[in-house]
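Here's the structure, in structure tokens; my notes come after.
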Amino acid sequence: MSRLDDIPSSPGKFKIDKSSYFNRLRFQPSLTKFAFISFFLLCLISLLFLRSPPSVNSSQSDPSRRSLRTFTYGGAAWEKRIRASARTRTSVTVLVTGAAGFVGTHVSSALKRRGDGVIGLDNFNDYYDPSLKRARQALLERSGVFIVEGDINDVELLRKLFKIVTFTHVMHLAAQAGVRYAMENPSSYVHSNIAGLVNLLEVCKAANPQPAIVWASSSSVYGLNTKVPFSEKDRTDQPASLYAATKKAGEEIAHTYNHIYGLSLTGLRFFTVYGPWGRPDMAYFFFTKDILKGKSISIFESANHGTVARDFTYIDDIVKGCLGALDTAEKSTGSGGKKRGPAQLRVFNLGNTSPVPVSDLVSILERQLKVKAKRNVIKMPRNGDVPFTHANISLAQREFGYKPTTDLQTGLKKFVRWYLSYYAGEKKAAAR
Ligand SMILES: O=C(O)[C@H]1O[C@H](OP(=O)(O)OP(=O)(O)OC[C@H]2O[C@@H](n3ccc(=O)[nH]c3=O)[C@H](O)[C@@H]2O)[C@H](O)[C@@H](O)[C@@H]1O
């Protein structure tokens with residue numbers, strides 16, 4: 001018989017004869033037994049070692065996972081700060097994810113001002129200058145809002161927060177934003193906008209009581225639609241960027257958690273939000289920077305020299321929309337992972353209803369900055385951008401009286417005033 005004949009024909013047929021093996025063991029002298037147990041323990045310890053989480057450095061070296069940093073949290077002082085920040089003069093206590101972000105900072109501040117309990121959560125990633133996020137954090141701290149440093153993918157942290165505080169609402173604004181960056185770092189969108197959302201919903205669904213959730217979707221879900229203005233009833237199945245696709249996926253995921261677990265979920269489709277403390281990756285922000293530096297700016301045009309336009313929406317209008325959505329959100333119906341009845345599921349456009357061509361945006365900036373821009377008009381690259389956006393806001397108007405009041409001229413004036421004073425202050429601080 002050749003040695004090949006010893007190998008069974010399929011793995012399923014190959015069985016270790018455990019009984020004879022252990023029987024043999026039973027009759028060995030005690031020294032052998034001791035050696036075997038020691039070896040077994042050694043293997044167990046090595047196995048545990050191999051399964052321990054990666055070190056901080058290993059996760060930071062991969063740019064797509066930069067927000068997976070390990071954070072240190074916990075302790076009596078940390079919990080005390082959370083409890084103080086969660087103290088409410090109303091019946092509302094909100095967990096705001098992405099609180100050091102642009103919209104997150106403004107919304108957290110507005111909630112706190114009216115007396116709600118607010119806890120922020122942010123991973124302070126370096127998608128754009130983290131010092132701006134730190135400055136927003138300092139601003140919020142002065143008004144009594146504590147931002148917990150951590151990632152929405154950290155299930156233990158989320159569970160801990162829900163143990164310390166009974167949240168009535170979650171305002172979920174943490175996300176990987178930006179349309180064009182999705183071509184550079186696609187996995188960061190999956191990590192934050194899909195895995196992070198699911199993780200958060202898992203914790204919310206298991207909470208008792210479950211909070212009502214309001215979260216940031218995006219106007220980009222309308223993708224390549226040509227029918228304007230964009231209405232919530234329109235199709236959203238032709239996204240032009242991975243960013244848009246992850247936001248659209250978020251809307252479908254929201255449907256699932258509402259259906260299975262009775263979570264109350266409201267998605268808000270923001271339309272190109274701008275204003276003071278804004279995001280440096282957005283065109284109005286880096287156009288301002290480049291115009292002041294005398295650098296040329298690229299202004300996209302669509303096919304046949306067509307205008308590219310956006311329904312630019314001022315931050316204060318968006319904040320009113322967020323609060324309106326939160327105040328009209330009904331309670332979730334489930335508890336501890338079990339649905340008890342049908343729950344609310346909504347989606348709203350939050351736009352300005354008056355699209356402005358990007359070239360007009362630049363003209364306004366030129367007037368405000370008193371500097372002529374070096375314009376470089378180019379065909380829109382295939383980068384995930386869509387040619388125009390225009391919101392129909394009648395649904396939000398009907399449901400919670402949403403009515404934007406700031407035109408682009410007025411809003412950009414406020415932005416430019418903030419920009420000049422913020423960066424003048426930074427320069428002064430650097431010179432000191
Ligand atoms: O409303 C939304 O759904 C989205 O709004 C913005 O995305 P976007 O509207 O593309 O805003 P910007 O990146 O600031 O671009 C504004 C306009 O400037 C144009 N642009 C951008 C960059 C550039 O170099 N030149 C240029 O003409 C874009 O094509 C676009 O029409 C945000 O970046 C997204 O996170 C958000 O979800």
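In the structure tokens, the first chain shown is A, the next is B, and so on; residue numbers restart at 1 for each chain, and ligands run from 1 in the order shown.
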Write out as a PyMOL selection string all residues of segment 137-378 of chain A that DSSP puts in alpha helix (DSSP H) for this structure's backbone.
chain A and resi 137-142+155-164+186-189+197-206+242-261+283-293+315-327+358-369
Hey, which residues sit close to ligand 1? Say within 7 Å, counting only C-alpha atoms and all ligand atoms, and write them as a CSV table (one decimal) with N, CA, C and O atoms, in the first residue's frame.
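Output file part.csv follows:
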```
chain,number,residue,atom,x,y,z
A,177,ALA,N,-17.2,63.0,4.4
A,177,ALA,CA,-17.9,63.9,3.4
A,177,ALA,C,-17.0,64.1,2.2
A,177,ALA,O,-15.9,63.6,2.1
A,178,GLY,N,-17.5,64.9,1.3
A,178,GLY,CA,-16.8,65.3,0.1
A,178,GLY,C,-17.1,64.3,-1.1
A,178,GLY,O,-17.0,63.1,-0.9
A,179,VAL,N,-17.4,64.9,-2.2
A,179,VAL,CA,-17.8,64.0,-3.4
A,179,VAL,C,-16.5,63.5,-4.1
A,179,VAL,O,-16.4,62.3,-4.4
A,218,SER,N,-27.8,63.2,1.8
A,218,SER,CA,-27.1,64.2,1.0
A,218,SER,C,-27.9,64.4,-0.3
A,218,SER,O,-28.6,63.5,-0.8
A,219,SER,N,-27.8,65.7,-0.8
A,219,SER,CA,-28.5,66.0,-2.1
A,219,SER,C,-27.9,65.1,-3.2
A,219,SER,O,-28.5,65.0,-4.3
A,220,SER,N,-26.7,64.6,-3.0
A,220,SER,CA,-26.0,63.9,-4.0
A,220,SER,C,-26.7,62.6,-4.4
A,220,SER,O,-26.4,62.0,-5.4
A,269,ARG,N,-31.5,65.4,3.5
A,269,ARG,CA,-30.7,65.6,2.3
A,269,ARG,C,-30.2,67.0,2.2
A,269,ARG,O,-31.0,67.9,1.8
A,270,PHE,N,-29.0,67.2,2.7
A,270,PHE,CA,-28.4,68.6,2.8
A,270,PHE,C,-28.0,69.0,1.3
A,270,PHE,O,-27.4,68.2,0.6
A,271,PHE,N,-28.2,70.3,1.0
A,271,PHE,CA,-27.8,70.8,-0.3
A,271,PHE,C,-26.6,71.8,-0.1
A,271,PHE,O,-26.8,72.9,0.4
A,272,THR,N,-25.4,71.4,-0.4
A,272,THR,CA,-24.2,72.2,-0.4
A,272,THR,C,-24.2,73.3,0.7
A,272,THR,O,-24.3,74.5,0.4
A,273,VAL,N,-24.0,72.8,1.9
A,273,VAL,CA,-24.1,73.7,3.1
A,273,VAL,C,-22.8,74.5,3.2
A,273,VAL,O,-21.7,74.0,3.1
A,281,ASP,N,-12.5,71.7,2.5
A,281,ASP,CA,-12.5,70.9,1.3
A,281,ASP,C,-13.6,71.4,0.3
A,281,ASP,O,-13.6,70.9,-0.8
A,282,MET,N,-14.4,72.3,0.7
A,282,MET,CA,-15.5,72.7,-0.2
A,282,MET,C,-15.1,73.9,-1.0
A,282,MET,O,-14.3,74.8,-0.6
A,283,ALA,N,-15.7,74.0,-2.2
A,283,ALA,CA,-15.2,75.0,-3.2
A,283,ALA,C,-15.2,76.4,-2.7
A,283,ALA,O,-14.2,77.2,-2.9
A,284,TYR,N,-16.3,76.9,-2.1
A,284,TYR,CA,-16.4,78.3,-1.6
A,284,TYR,C,-15.3,78.6,-0.7
A,284,TYR,O,-14.8,79.7,-0.7
A,297,ILE,N,-8.0,79.6,-9.8
A,297,ILE,CA,-9.0,78.6,-9.4
A,297,ILE,C,-9.7,78.0,-10.6
A,297,ILE,O,-9.9,78.6,-11.6
A,298,SER,N,-10.0,76.7,-10.5
A,298,SER,CA,-10.7,76.0,-11.6
A,298,SER,C,-12.2,76.1,-11.4
A,298,SER,O,-12.7,75.7,-10.4
A,299,ILE,N,-12.8,76.6,-12.4
A,299,ILE,CA,-14.3,76.7,-12.4
A,299,ILE,C,-14.8,75.7,-13.4
A,299,ILE,O,-14.5,75.8,-14.6
A,300,PHE,N,-15.6,74.7,-12.9
A,300,PHE,CA,-16.1,73.7,-13.9
A,300,PHE,C,-17.2,74.1,-14.7
A,300,PHE,O,-18.1,74.9,-14.2
A,308,VAL,N,-22.5,75.1,-14.4
A,308,VAL,CA,-22.6,74.2,-13.3
A,308,VAL,C,-23.1,75.0,-12.1
A,308,VAL,O,-22.6,76.1,-11.8
A,309,ALA,N,-24.2,74.5,-11.5
A,309,ALA,CA,-24.8,75.3,-10.4
A,309,ALA,C,-25.2,74.5,-9.2
A,309,ALA,O,-25.3,73.3,-9.3
A,310,ARG,N,-25.2,75.2,-8.0
A,310,ARG,CA,-25.6,74.5,-6.8
A,310,ARG,C,-26.6,75.3,-6.0
A,310,ARG,O,-26.6,76.5,-6.0
A,358,VAL,N,-21.7,78.4,-10.3
A,358,VAL,CA,-20.5,78.5,-9.6
A,358,VAL,C,-19.7,79.8,-10.0
A,358,VAL,O,-19.1,80.4,-9.1
A,380,MET,N,-15.9,70.0,-16.7
A,380,MET,CA,-15.9,69.3,-15.4
A,380,MET,C,-15.3,67.9,-15.6
A,380,MET,O,-15.7,67.1,-16.4
A,385,ASP,N,-18.7,64.7,-9.5
A,385,ASP,CA,-19.6,65.9,-9.4
A,385,ASP,C,-20.8,65.8,-10.3
A,385,ASP,O,-20.7,65.1,-11.4
A,386,VAL,N,-21.9,66.4,-10.0
A,386,VAL,CA,-23.0,66.5,-10.9
A,386,VAL,C,-23.2,67.9,-11.4
A,386,VAL,O,-22.7,68.8,-10.7
A,387,PRO,N,-23.8,68.2,-12.5
A,387,PRO,CA,-23.9,69.5,-13.1
A,387,PRO,C,-24.7,70.5,-12.2
A,387,PRO,O,-24.3,71.7,-12.2
A,388,PHE,N,-25.8,70.1,-11.6
A,388,PHE,CA,-26.6,71.1,-10.9
A,388,PHE,C,-27.4,70.4,-9.8
A,388,PHE,O,-27.6,69.2,-9.8
```
For Glu399 of chain A, work out the shell of residues within 12 Å, counting only C-alpha atoms and skipping chain neighbours fewer than 6 positions away, then give it as a list in words.
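Near neighbours after the sequence-gap exclusion: Thr266, Gly321, Gly324, Ala325, Leu326, Asp327, Thr328, Ala329, Arg346, Val347, Phe348, Asn349 and Ile393 of chain A.
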So how far away is atom CA of Ser217 of chain A from atom CA of Ile152 of chain A, in Å?
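Going from atom CA of Ile152 of chain A over to atom CA of Ser217 of chain A, I get 16.3 Å.
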Pick from A:His305, A:Lys413, A:Lys112, A:Lys331, whichever lies nearest to Ile213 of chain A using only C-alpha atoms:
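Among the listed residues, the smallest separation from Ile213 of chain A belongs to A:Lys331.
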Which value, in Å to one decimal, gives the distance between atom CA of Trp277 of chain A and atom CA of Ser296 of chain A?
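Separating atom CA of Trp277 of chain A from atom CA of Ser296 of chain A is a distance of 23.4 Å.
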Distance query segment 95-100 of chain A at most 7 Å, only C-alpha atoms, self and fewer than 2 positions along chain excluded, as a list in words
Thr93, Phe102, Gly104, Thr105, Ser108, Val118, Ile119, Gly120, Leu121, Asp122, Lys133, Arg136, Gln137, Ile147, Phe167, His169, Val170, Met171, His172, Leu173 and Ala174 of chain A
Could you give me the residues within segment 249-278 of chain A that DSSP places in strand (DSSP E or B), as a list in words?
Leu265, Thr266, Gly267, Leu268, Arg269, Phe270, Val273 and Tyr274 of chain A
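In this model, the gap between atom CA of Thr168 of chain A and atom CA of Pro209 of chain A comes to 7.9 Å.
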Which residues come within 9 Å of segment 242-257 of chain A, counting only C-alpha atoms, excluding same-chain residues fewer than 3 positions away, as a PyMOL selection string?
chain A and resi 176-183+186+189-190+193-194+197-198+201-202+205+216-223+236-239+260-267+345+347+384
Given only C-alpha atoms as the counted atoms, nearest of A:Phe124, A:Arg134, A:Lys374, A:Gly196 to Val155 of chain A:
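Among the listed residues, the smallest separation from Val155 of chain A belongs to A:Gly196.
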